[in-house]
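Coordinates from entry-v8.cif are shown below (mmCIF, C-alpha atoms and all ligand atoms).
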data_model
#
loop_
_atom_site.group_PDB
_atom_site.id
_atom_site.type_symbol
_atom_site.label_atom_id
_atom_site.label_comp_id
_atom_site.auth_asym_id
_atom_site.auth_seq_id
_atom_site.Cartn_x
_atom_site.Cartn_y
_atom_site.Cartn_z
ATOM 1 C CA MET A 1 0.000 0.000 0.000
ATOM 2 C CA LYS A 2 1.498 3.318 -1.049
ATOM 3 C CA ASN A 3 1.747 4.945 2.373
ATOM 4 C CA LYS A 4 -1.866 5.984 2.325
ATOM 5 C CA TYR A 5 -3.767 7.250 5.340
ATOM 6 C CA ILE A 6 -6.764 5.497 6.872
ATOM 7 C CA ILE A 7 -9.757 6.921 8.731
ATOM 8 C CA GLY A 8 -11.240 4.897 11.599
ATOM 9 C CA ILE A 9 -14.629 5.813 13.075
ATOM 10 C CA ASP A 10 -16.320 4.481 16.190
ATOM 11 C CA LEU A 11 -19.973 5.405 16.559
ATOM 12 C CA GLY A 12 -21.198 4.728 20.090
ATOM 13 C CA GLY A 13 -24.377 5.410 22.033
ATOM 14 C CA THR A 14 -22.662 8.453 23.588
ATOM 15 C CA ASN A 15 -19.798 9.550 21.323
ATOM 16 C CA LEU A 16 -18.779 9.658 17.701
ATOM 17 C CA LYS A 17 -15.005 9.159 17.581
ATOM 18 C CA ILE A 18 -12.958 9.661 14.449
ATOM 19 C CA ALA A 19 -9.225 9.212 13.881
ATOM 20 C CA LEU A 20 -6.728 9.613 11.088
ATOM 21 C CA PHE A 21 -4.018 6.937 10.959
ATOM 22 C CA ASP A 22 -0.911 6.634 8.856
ATOM 23 C CA SER A 23 -0.278 3.407 6.940
ATOM 24 C CA ARG A 24 1.402 1.853 10.022
ATOM 25 C CA LEU A 25 -1.700 2.607 12.118
ATOM 26 C CA SER A 26 -0.123 5.377 14.193
ATOM 27 C CA PHE A 27 -2.620 8.038 15.243
ATOM 28 C CA LYS A 28 -2.252 11.341 13.401
ATOM 29 C CA GLN A 29 -5.364 13.012 14.816
ATOM 30 C CA LYS A 30 -8.402 12.118 16.938
ATOM 31 C CA LYS A 31 -11.690 13.984 17.250
ATOM 32 C CA PHE A 32 -14.707 13.288 19.449
ATOM 33 C CA PHE A 33 -18.285 14.494 19.040
ATOM 34 C CA SER A 34 -21.351 13.893 21.196
ATOM 35 C CA THR A 35 -23.817 11.554 19.471
ATOM 36 C CA ALA A 36 -26.650 13.477 21.153
ATOM 37 C CA GLU A 37 -25.947 16.410 18.768
ATOM 38 C CA PHE A 38 -27.491 14.335 15.996
ATOM 39 C CA SER A 39 -31.129 13.408 16.548
ATOM 40 C CA GLN A 40 -31.871 11.604 13.260
ATOM 41 C CA PRO A 41 -29.933 9.026 11.190
ATOM 42 C CA GLN A 42 -29.783 11.617 8.402
ATOM 43 C CA SER A 43 -28.066 14.239 10.582
ATOM 44 C CA LEU A 44 -25.748 11.657 12.154
ATOM 45 C CA ILE A 45 -24.610 10.533 8.692
ATOM 46 C CA GLU A 46 -24.111 14.181 7.669
ATOM 47 C CA GLY A 47 -22.094 14.610 10.885
ATOM 48 C CA ILE A 48 -19.857 11.647 9.981
ATOM 49 C CA VAL A 49 -19.325 12.987 6.441
ATOM 50 C CA ARG A 50 -18.471 16.456 7.789
ATOM 51 C CA ALA A 51 -16.012 14.951 10.276
ATOM 52 C CA VAL A 52 -14.315 12.917 7.499
ATOM 53 C CA PHE A 53 -13.852 16.011 5.305
ATOM 54 C CA GLU A 54 -12.690 18.077 8.289
ATOM 55 C CA ILE A 55 -9.999 15.608 9.316
ATOM 56 C CA ILE A 56 -8.738 15.362 5.710
ATOM 57 C CA LYS A 57 -8.622 19.155 5.380
ATOM 58 C CA GLU A 58 -7.042 19.805 8.782
ATOM 59 C CA ASN A 59 -4.192 17.467 7.887
ATOM 60 C CA LYS A 60 -3.738 19.125 4.479
ATOM 61 C CA LEU A 61 -4.474 15.871 2.673
ATOM 62 C CA LYS A 62 -6.392 15.075 -0.490
ATOM 63 C CA LYS A 63 -9.078 12.420 -0.875
ATOM 64 C CA SER A 64 -6.611 10.404 -2.965
ATOM 65 C CA ASP A 65 -4.308 10.180 0.091
ATOM 66 C CA ILE A 66 -6.965 8.165 1.942
ATOM 67 C CA LEU A 67 -7.038 4.386 1.512
ATOM 68 C CA GLY A 68 -10.492 4.098 3.045
ATOM 69 C CA VAL A 69 -12.811 4.692 5.975
ATOM 70 C CA GLY A 70 -13.698 1.942 8.477
ATOM 71 C CA VAL A 71 -16.768 2.524 10.620
ATOM 72 C CA GLY A 72 -17.881 0.655 13.752
ATOM 73 C CA LEU A 73 -21.645 0.806 14.372
ATOM 74 C CA PRO A 74 -23.412 0.089 17.686
ATOM 75 C CA GLY A 75 -25.753 -2.703 16.586
ATOM 76 C CA PRO A 76 -26.017 -5.685 14.253
ATOM 77 C CA VAL A 77 -24.588 -4.955 10.787
ATOM 78 C CA ASP A 78 -24.969 -7.010 7.611
ATOM 79 C CA VAL A 79 -21.349 -6.659 6.475
ATOM 80 C CA SER A 80 -22.046 -8.253 3.088
ATOM 81 C CA ARG A 81 -24.362 -5.361 2.166
ATOM 82 C CA GLY A 82 -23.079 -2.692 4.559
ATOM 83 C CA VAL A 83 -26.492 -2.317 6.164
ATOM 84 C CA ALA A 84 -27.089 -1.408 9.833
ATOM 85 C CA HIS A 85 -30.176 -3.348 10.977
ATOM 86 C CA PHE A 86 -30.873 -1.282 14.109
ATOM 87 C CA PHE A 87 -29.081 0.274 17.075
ATOM 88 C CA PRO A 88 -30.423 -0.761 20.513
ATOM 89 C CA ASN A 89 -29.313 2.558 22.057
ATOM 90 C CA ILE A 90 -29.833 5.064 19.227
ATOM 91 C CA PRO A 91 -33.429 5.255 18.013
ATOM 92 C CA GLY A 92 -34.513 5.710 14.393
ATOM 93 C CA TRP A 93 -32.087 3.420 12.571
ATOM 94 C CA ILE A 94 -33.868 0.642 10.708
ATOM 95 C CA ASP A 95 -32.001 -1.145 7.885
ATOM 96 C CA VAL A 96 -29.920 1.865 6.896
ATOM 97 C CA PRO A 97 -27.448 1.158 4.025
ATOM 98 C CA VAL A 98 -24.716 3.104 5.822
ATOM 99 C CA GLU A 99 -21.812 1.881 3.691
ATOM 100 C CA LYS A 100 -23.441 2.833 0.380
ATOM 101 C CA ILE A 101 -24.572 6.235 1.656
ATOM 102 C CA LEU A 102 -21.137 7.070 3.070
ATOM 103 C CA ARG A 103 -19.340 5.917 -0.099
ATOM 104 C CA LYS A 104 -21.596 8.147 -2.173
ATOM 105 C CA LYS A 105 -21.316 11.181 0.087
ATOM 106 C CA THR A 106 -17.540 10.983 0.702
ATOM 107 C CA GLY A 107 -16.347 9.483 -2.589
ATOM 108 C CA LEU A 108 -14.099 7.219 -0.502
ATOM 109 C CA GLU A 109 -13.930 3.470 0.012
ATOM 110 C CA VAL A 110 -15.988 2.750 3.150
ATOM 111 C CA PHE A 111 -16.359 -0.451 5.192
ATOM 112 C CA VAL A 112 -18.723 -0.946 8.127
ATOM 113 C CA ASP A 113 -18.973 -3.545 10.878
ATOM 114 C CA ASN A 114 -20.343 -3.925 14.376
ATOM 115 C CA ASP A 115 -18.370 -1.813 16.894
ATOM 116 C CA ALA A 116 -17.681 -4.707 19.271
ATOM 117 C CA ASN A 117 -16.376 -6.802 16.352
ATOM 118 C CA LEU A 118 -13.957 -4.008 15.511
ATOM 119 C CA MET A 119 -12.873 -3.627 19.143
ATOM 120 C CA CYS A 120 -12.294 -7.390 19.175
ATOM 121 C CA LEU A 121 -10.329 -7.258 15.904
ATOM 122 C CA ALA A 122 -8.122 -4.481 17.315
ATOM 123 C CA GLU A 123 -7.509 -6.275 20.635
ATOM 124 C CA PHE A 124 -6.726 -9.469 18.701
ATOM 125 C CA LYS A 125 -4.251 -7.835 16.314
ATOM 126 C CA LEU A 126 -2.717 -5.243 18.629
ATOM 127 C CA GLY A 127 -3.954 -5.650 22.213
ATOM 128 C CA SER A 128 -4.778 -8.062 25.037
ATOM 129 C CA ALA A 129 -6.084 -10.858 22.775
ATOM 130 C CA LYS A 130 -2.928 -10.917 20.631
ATOM 131 C CA GLY A 131 -1.716 -14.478 20.241
ATOM 132 C CA ALA A 132 -4.975 -16.041 21.498
ATOM 133 C CA LYS A 133 -6.493 -18.837 19.425
ATOM 134 C CA ASN A 134 -10.011 -18.433 20.786
ATOM 135 C CA ALA A 135 -10.973 -15.189 22.475
ATOM 136 C CA VAL A 136 -14.096 -13.445 23.674
ATOM 137 C CA CYS A 137 -14.002 -9.636 23.824
ATOM 138 C CA LEU A 138 -16.521 -7.496 25.650
ATOM 139 C CA THR A 139 -17.108 -3.758 25.759
ATOM 140 C CA LEU A 140 -18.997 -2.494 28.768
ATOM 141 C CA GLY A 141 -20.601 0.896 28.339
ATOM 142 C CA THR A 142 -24.043 2.247 27.449
ATOM 143 C CA GLY A 143 -24.460 -1.132 25.800
ATOM 144 C CA VAL A 144 -22.700 -4.421 26.413
ATOM 145 C CA GLY A 145 -21.074 -5.527 23.159
ATOM 146 C CA GLY A 146 -19.215 -8.707 22.384
ATOM 147 C CA GLY A 147 -16.932 -10.047 19.676
ATOM 148 C CA LEU A 148 -15.541 -13.522 19.086
ATOM 149 C CA ILE A 149 -12.235 -14.799 17.755
ATOM 150 C CA ILE A 150 -12.546 -18.466 16.829
ATOM 151 C CA ASP A 151 -9.546 -20.341 15.405
ATOM 152 C CA SER A 152 -7.645 -17.054 15.182
ATOM 153 C CA LYS A 153 -10.302 -15.340 13.054
ATOM 154 C CA LEU A 154 -13.130 -12.928 13.772
ATOM 155 C CA TYR A 155 -16.318 -15.011 13.883
ATOM 156 C CA ARG A 156 -19.350 -13.099 12.590
ATOM 157 C CA GLY A 157 -22.072 -15.769 12.378
ATOM 158 C CA SER A 158 -24.696 -16.583 9.732
ATOM 159 C CA SER A 159 -26.270 -13.098 9.674
ATOM 160 C CA TYR A 160 -23.052 -11.375 10.804
ATOM 161 C CA ALA A 161 -24.640 -10.809 14.212
ATOM 162 C CA ALA A 162 -22.708 -13.247 16.428
ATOM 163 C CA GLY A 163 -21.181 -12.242 19.735
ATOM 164 C CA GLU A 164 -24.103 -10.285 21.191
ATOM 165 C CA ILE A 165 -23.216 -11.274 24.735
ATOM 166 C CA GLY A 166 -25.072 -8.231 26.092
ATOM 167 C CA HIS A 167 -28.297 -9.731 24.813
ATOM 168 C CA MET A 168 -27.891 -13.145 26.388
ATOM 169 C CA PRO A 169 -30.684 -13.494 28.960
ATOM 170 C CA ILE A 170 -29.424 -14.233 32.464
ATOM 171 C CA ASN A 171 -32.860 -14.884 33.958
ATOM 172 C CA LEU A 172 -36.115 -16.543 32.937
ATOM 173 C CA LYS A 173 -38.043 -13.338 33.616
ATOM 174 C CA GLY A 174 -36.881 -9.797 34.050
ATOM 175 C CA ARG A 175 -36.803 -6.318 32.632
ATOM 176 C CA PRO A 176 -37.519 -5.771 28.942
ATOM 177 C CA CYS A 177 -34.464 -4.834 26.874
ATOM 178 C CA ASN A 178 -34.119 -2.315 24.029
ATOM 179 C CA CYS A 179 -33.404 -5.246 21.669
ATOM 180 C CA GLY A 180 -36.888 -6.681 22.215
ATOM 181 C CA GLY A 181 -35.642 -9.440 24.516
ATOM 182 C CA THR A 182 -36.205 -9.981 28.227
ATOM 183 C CA ALA A 183 -33.711 -10.139 31.102
ATOM 184 C CA CYS A 184 -30.715 -9.465 28.820
ATOM 185 C CA LEU A 185 -27.314 -9.059 30.521
ATOM 186 C CA GLU A 186 -27.163 -5.471 29.212
ATOM 187 C CA SER A 187 -30.325 -4.511 31.060
ATOM 188 C CA TYR A 188 -28.570 -5.477 34.339
ATOM 189 C CA ILE A 189 -25.044 -4.169 33.829
ATOM 190 C CA GLY A 190 -25.267 -1.476 31.120
ATOM 191 C CA ASN A 191 -23.965 1.809 32.547
ATOM 192 C CA ARG A 192 -27.429 3.434 32.548
ATOM 193 C CA ARG A 193 -28.674 0.590 34.748
ATOM 194 C CA ILE A 194 -25.665 0.860 37.072
ATOM 195 C CA ALA A 195 -26.313 4.622 37.336
ATOM 196 C CA CYS A 196 -29.949 3.909 38.380
ATOM 197 C CA LEU A 197 -28.768 1.458 41.006
ATOM 198 C CA VAL A 198 -26.261 3.999 42.335
ATOM 199 C CA LYS A 199 -29.018 6.600 42.663
ATOM 200 C CA LYS A 200 -31.200 4.152 44.547
ATOM 201 C CA VAL A 201 -28.429 3.134 46.958
ATOM 202 C CA PHE A 202 -26.780 6.537 47.545
ATOM 203 C CA LYS A 203 -29.864 8.760 46.944
ATOM 204 C CA LYS A 204 -27.817 10.878 44.525
ATOM 205 C CA ASP A 205 -25.994 10.674 41.183
ATOM 206 C CA ILE A 206 -22.382 9.513 41.390
ATOM 207 C CA PRO A 207 -20.254 9.163 38.245
ATOM 208 C CA LEU A 208 -19.043 5.598 37.711
ATOM 209 C CA ASP A 209 -15.350 6.548 37.912
ATOM 210 C CA GLU A 210 -16.040 8.052 41.347
ATOM 211 C CA LEU A 211 -17.920 4.871 42.311
ATOM 212 C CA SER A 212 -14.767 2.913 41.378
ATOM 213 C CA ARG A 213 -12.596 5.196 43.540
ATOM 214 C CA MET A 214 -15.063 4.753 46.441
ATOM 215 C CA ALA A 215 -14.881 0.983 46.012
ATOM 216 C CA ALA A 216 -11.061 1.121 45.966
ATOM 217 C CA ARG A 217 -11.290 2.948 49.343
ATOM 218 C CA ASN A 218 -13.506 0.087 50.587
ATOM 219 C CA ASN A 219 -16.803 1.952 50.692
ATOM 220 C CA PRO A 220 -19.008 -1.110 51.371
ATOM 221 C CA LYS A 221 -21.973 0.066 49.274
ATOM 222 C CA ALA A 222 -19.739 0.868 46.284
ATOM 223 C CA VAL A 223 -17.940 -2.479 46.652
ATOM 224 C CA ARG A 224 -21.299 -4.270 46.767
ATOM 225 C CA ILE A 225 -22.457 -2.615 43.506
ATOM 226 C CA TRP A 226 -19.299 -3.620 41.592
ATOM 227 C CA GLU A 227 -19.413 -7.135 43.061
ATOM 228 C CA ASP A 228 -22.994 -7.428 41.889
ATOM 229 C CA VAL A 229 -22.021 -6.274 38.369
ATOM 230 C CA GLY A 230 -19.110 -8.759 38.404
ATOM 231 C CA GLU A 231 -21.360 -11.568 39.533
ATOM 232 C CA LYS A 232 -23.952 -11.006 36.789
ATOM 233 C CA LEU A 233 -21.276 -10.613 34.134
ATOM 234 C CA GLY A 234 -19.491 -13.684 35.524
ATOM 235 C CA VAL A 235 -22.650 -15.783 35.275
ATOM 236 C CA ALA A 236 -23.114 -14.794 31.619
ATOM 237 C CA LEU A 237 -19.445 -15.580 30.954
ATOM 238 C CA VAL A 238 -19.779 -19.035 32.533
ATOM 239 C CA SER A 239 -22.186 -19.894 29.689
ATOM 240 C CA VAL A 240 -19.798 -18.413 27.133
ATOM 241 C CA VAL A 241 -16.805 -20.268 28.594
ATOM 242 C CA ASN A 242 -18.657 -23.589 28.673
ATOM 243 C CA LEU A 243 -19.932 -23.088 25.119
ATOM 244 C CA LEU A 244 -16.804 -21.818 23.359
ATOM 245 C CA ASN A 245 -13.860 -22.939 25.556
ATOM 246 C CA PRO A 246 -11.878 -19.734 24.885
ATOM 247 C CA ASP A 247 -8.319 -19.230 26.116
ATOM 248 C CA ARG A 248 -8.855 -15.527 26.711
ATOM 249 C CA ILE A 249 -11.592 -13.111 27.740
ATOM 250 C CA VAL A 250 -10.825 -9.426 27.185
ATOM 251 C CA ILE A 251 -12.990 -6.805 28.875
ATOM 252 C CA GLY A 252 -12.982 -3.135 27.873
ATOM 253 C CA GLY A 253 -15.236 -0.083 27.914
ATOM 254 C CA GLY A 254 -15.770 2.471 30.668
ATOM 255 C CA VAL A 255 -17.229 0.012 33.182
ATOM 256 C CA ALA A 256 -14.023 -2.100 32.954
ATOM 257 C CA ASN A 257 -12.219 0.775 34.709
ATOM 258 C CA ALA A 258 -13.853 -0.412 37.944
ATOM 259 C CA GLY A 259 -10.660 -2.463 38.231
ATOM 260 C CA ARG A 260 -9.661 -5.264 40.568
ATOM 261 C CA ILE A 261 -12.953 -5.569 42.485
ATOM 262 C CA LEU A 262 -14.893 -6.206 39.278
ATOM 263 C CA PHE A 263 -12.310 -8.516 37.693
ATOM 264 C CA SER A 264 -11.783 -10.590 40.875
ATOM 265 C CA ARG A 265 -15.493 -11.242 41.154
ATOM 266 C CA ILE A 266 -15.750 -12.245 37.469
ATOM 267 C CA GLU A 267 -12.806 -14.653 37.821
ATOM 268 C CA GLU A 268 -14.215 -16.098 41.029
ATOM 269 C CA VAL A 269 -17.597 -16.803 39.410
ATOM 270 C CA ILE A 270 -15.960 -18.425 36.360
ATOM 271 C CA ILE A 271 -13.671 -20.602 38.499
ATOM 272 C CA THR A 272 -16.470 -21.760 40.788
ATOM 273 C CA ARG A 273 -19.241 -22.167 38.227
ATOM 274 C CA ALA A 274 -17.796 -23.008 34.794
ATOM 275 C CA MET A 275 -16.896 -26.604 33.928
ATOM 276 C CA VAL A 276 -13.480 -27.597 35.240
ATOM 277 C CA VAL A 277 -11.677 -28.123 31.915
ATOM 278 C CA GLN A 278 -12.838 -24.836 30.361
ATOM 279 C CA ALA A 279 -12.370 -22.826 33.594
ATOM 280 C CA ALA A 280 -8.779 -24.061 33.921
ATOM 281 C CA LYS A 281 -7.898 -22.784 30.453
ATOM 282 C CA VAL A 282 -9.421 -19.319 30.320
ATOM 283 C CA LYS A 283 -7.738 -16.099 31.498
ATOM 284 C CA VAL A 284 -9.500 -12.762 31.940
ATOM 285 C CA PHE A 285 -7.692 -9.574 30.878
ATOM 286 C CA LYS A 286 -8.505 -5.902 30.780
ATOM 287 C CA ALA A 287 -8.557 -4.545 27.226
ATOM 288 C CA LYS A 288 -5.316 -2.815 26.317
ATOM 289 C CA LEU A 289 -6.394 -0.310 23.697
ATOM 290 C CA GLY A 290 -9.060 1.487 25.753
ATOM 291 C CA ASN A 291 -11.114 4.085 23.883
ATOM 292 C CA ASP A 292 -8.926 3.710 20.812
ATOM 293 C CA ALA A 293 -9.907 0.099 20.075
ATOM 294 C CA GLY A 294 -12.981 0.888 17.944
ATOM 295 C CA MET A 295 -11.158 3.423 15.745
ATOM 296 C CA LEU A 296 -8.142 1.114 15.365
ATOM 297 C CA GLY A 297 -10.506 -1.745 14.493
ATOM 298 C CA GLY A 298 -12.075 0.453 11.799
ATOM 299 C CA ALA A 299 -8.631 1.113 10.330
ATOM 300 C CA LEU A 300 -7.785 -2.623 10.462
ATOM 301 C CA LEU A 301 -11.046 -3.392 8.638
ATOM 302 C CA VAL A 302 -9.975 -1.052 5.829
ATOM 303 C CA LYS A 303 -6.517 -2.671 5.678
ATOM 304 C CA GLU A 304 -8.079 -6.131 5.424
ATOM 305 C CA ASN A 305 -10.659 -5.244 2.788
ATOM 306 C CA SER A 306 -9.450 -2.349 0.678
ATOM 307 C CA LYS A 307 -8.616 -3.072 -2.929
ATOM 308 C CA GLY A 308 -5.920 -0.433 -2.731
ATOM 309 C CA SER A 309 -4.045 -2.145 0.120
HETATM 310 ZN ZN ZN B 1 -31.315 -7.304 24.728
#
Just give me the structure of the file as structure tokens.
Ligand SMILES: [Zn+2]
Amino acid sequence: MKNKYIIGIDLGGTNLKIALFDSRLSFKQKKFFSTAEFSQPQSLIEGIVRAVFEIIKENKLKKSDILGVGVGLPGPVDVSRGVAHFFPNIPGWIDVPVEKILRKKTGLEVFVDNDANLMCLAEFKLGSAKGAKNAVCLTLGTGVGGGLIIDSKLYRGSSYAAGEIGHMPINLKGRPCNCGGTACLESYIGNRRIACLVKKVFKKDIPLDELSRMAARNNPKAVRIWEDVGEKLGVALVSVVNLLNPDRIVIGGGVANAGRILFSRIEEVIITRAMVVQAAKVKVFKAKLGNDAGMLGGALLVKENSKGS
């Protein structure tokens, strides 16, 4: 590839993140926007297009310097057609042909995939899942996303929608989820749900990073909340571990910053409740690439798929 630049985009329930990379995937520039600025799919797409042109212009580049744009989307994506089916945490998106629209509006090669798949791809190539044969990656934030590496390759499933760990039910009955399901893991440990729980327990709003600091100082109520999150996540992961027998689980996203208390509880639940053979093999790691994983995954998607590479 002739030293071309790549644009990686990570669209989340809260932020739109965009980055320019050089051909060796070093960051040249990063920009963040609030997703709440864009109320409709139309305006969000216009926002993405504007951001792409801005980042090209600000770096004094031409369109021909760009190999392609890789976009992570927060919901199931048909990667064969570049269509976003729906986003559980951003209303109004039903079967939007994002890839085609963005190609037309930017005149660039564009590739789209699920955001958790791209996080998983990035952690597998460059982060905590590097060298794993079978890995499960999770992102804990507004939503709970998951991606799977099986036999050293990203596994997408029959409709490209595999890995939706956040939408595995962990109870027979429970609260309805944005996906249409009931008692999904996400509806127990998504950060909006944790925030509600915090308000109930402490009678006020406390940011989750502060809740983590309180837990680190042994505030018993804060510790109890993170242990509860770890327990529920651990139970879901017991099913995943028994089903897929992975060698690594990688956990990222804002909620993963809760640290040792959360990870110890997850490991404890897996060790005590998963089957012996699978539990003995698997190791749980914090994601290495943090907030950058989605954008890096977008750039990796371009590298893997672009005709120009
Ligand atoms: Zn769900």
Point to revise | Among the residues A:Val284, A:Val241, A:Met168, A:Met295, the one that comes closest to Phe32 (chain A) [using only C-alpha atoms] | key: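 Looking at the shortest contact to Phe32 (chain A), the residue is A:Met295.
Across the model, the gap from CA of Lys133 (chain A) to CA of Asp151 (chain A) is 5.3 Å.
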Practice item. Name the residues in contact with Asp228 (chain A) at a cut-off of 12 Å, using all atoms listed in the file, excluding same-chain residues fewer than 4 positions from it; report them as a list in words. Key: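 The residues that qualify are Tyr188, Ile189, Ile194, Leu197, Val198, Lys221, Ala222, Val223, Arg224, Lys232, Leu233, Gly234, Val235, Ile261, Leu262, Phe263, Ser264, Arg265, Ile266 and Val269 of chain A.
Take the candidates A:Gly107, A:Gly127, A:Pro91, A:Gly190 and check each one against ligand ZN 1 (chain B) using only C-alpha atoms and all ligand atoms; the shortest distance goes to A:Gly190.
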Practice item. Go through the shown structure with the PyMOL selection byres (((not hetatm)) within 10 of (chain B and resi 1)) and write out the matching residues as JSON, numbers by chain. Key: {"A": [88, 143, 144, 164, 165, 166, 167, 168, 169, 175, 176, 177, 178, 179, 180, 181, 182, 183, 184, 185, 186, 187]}
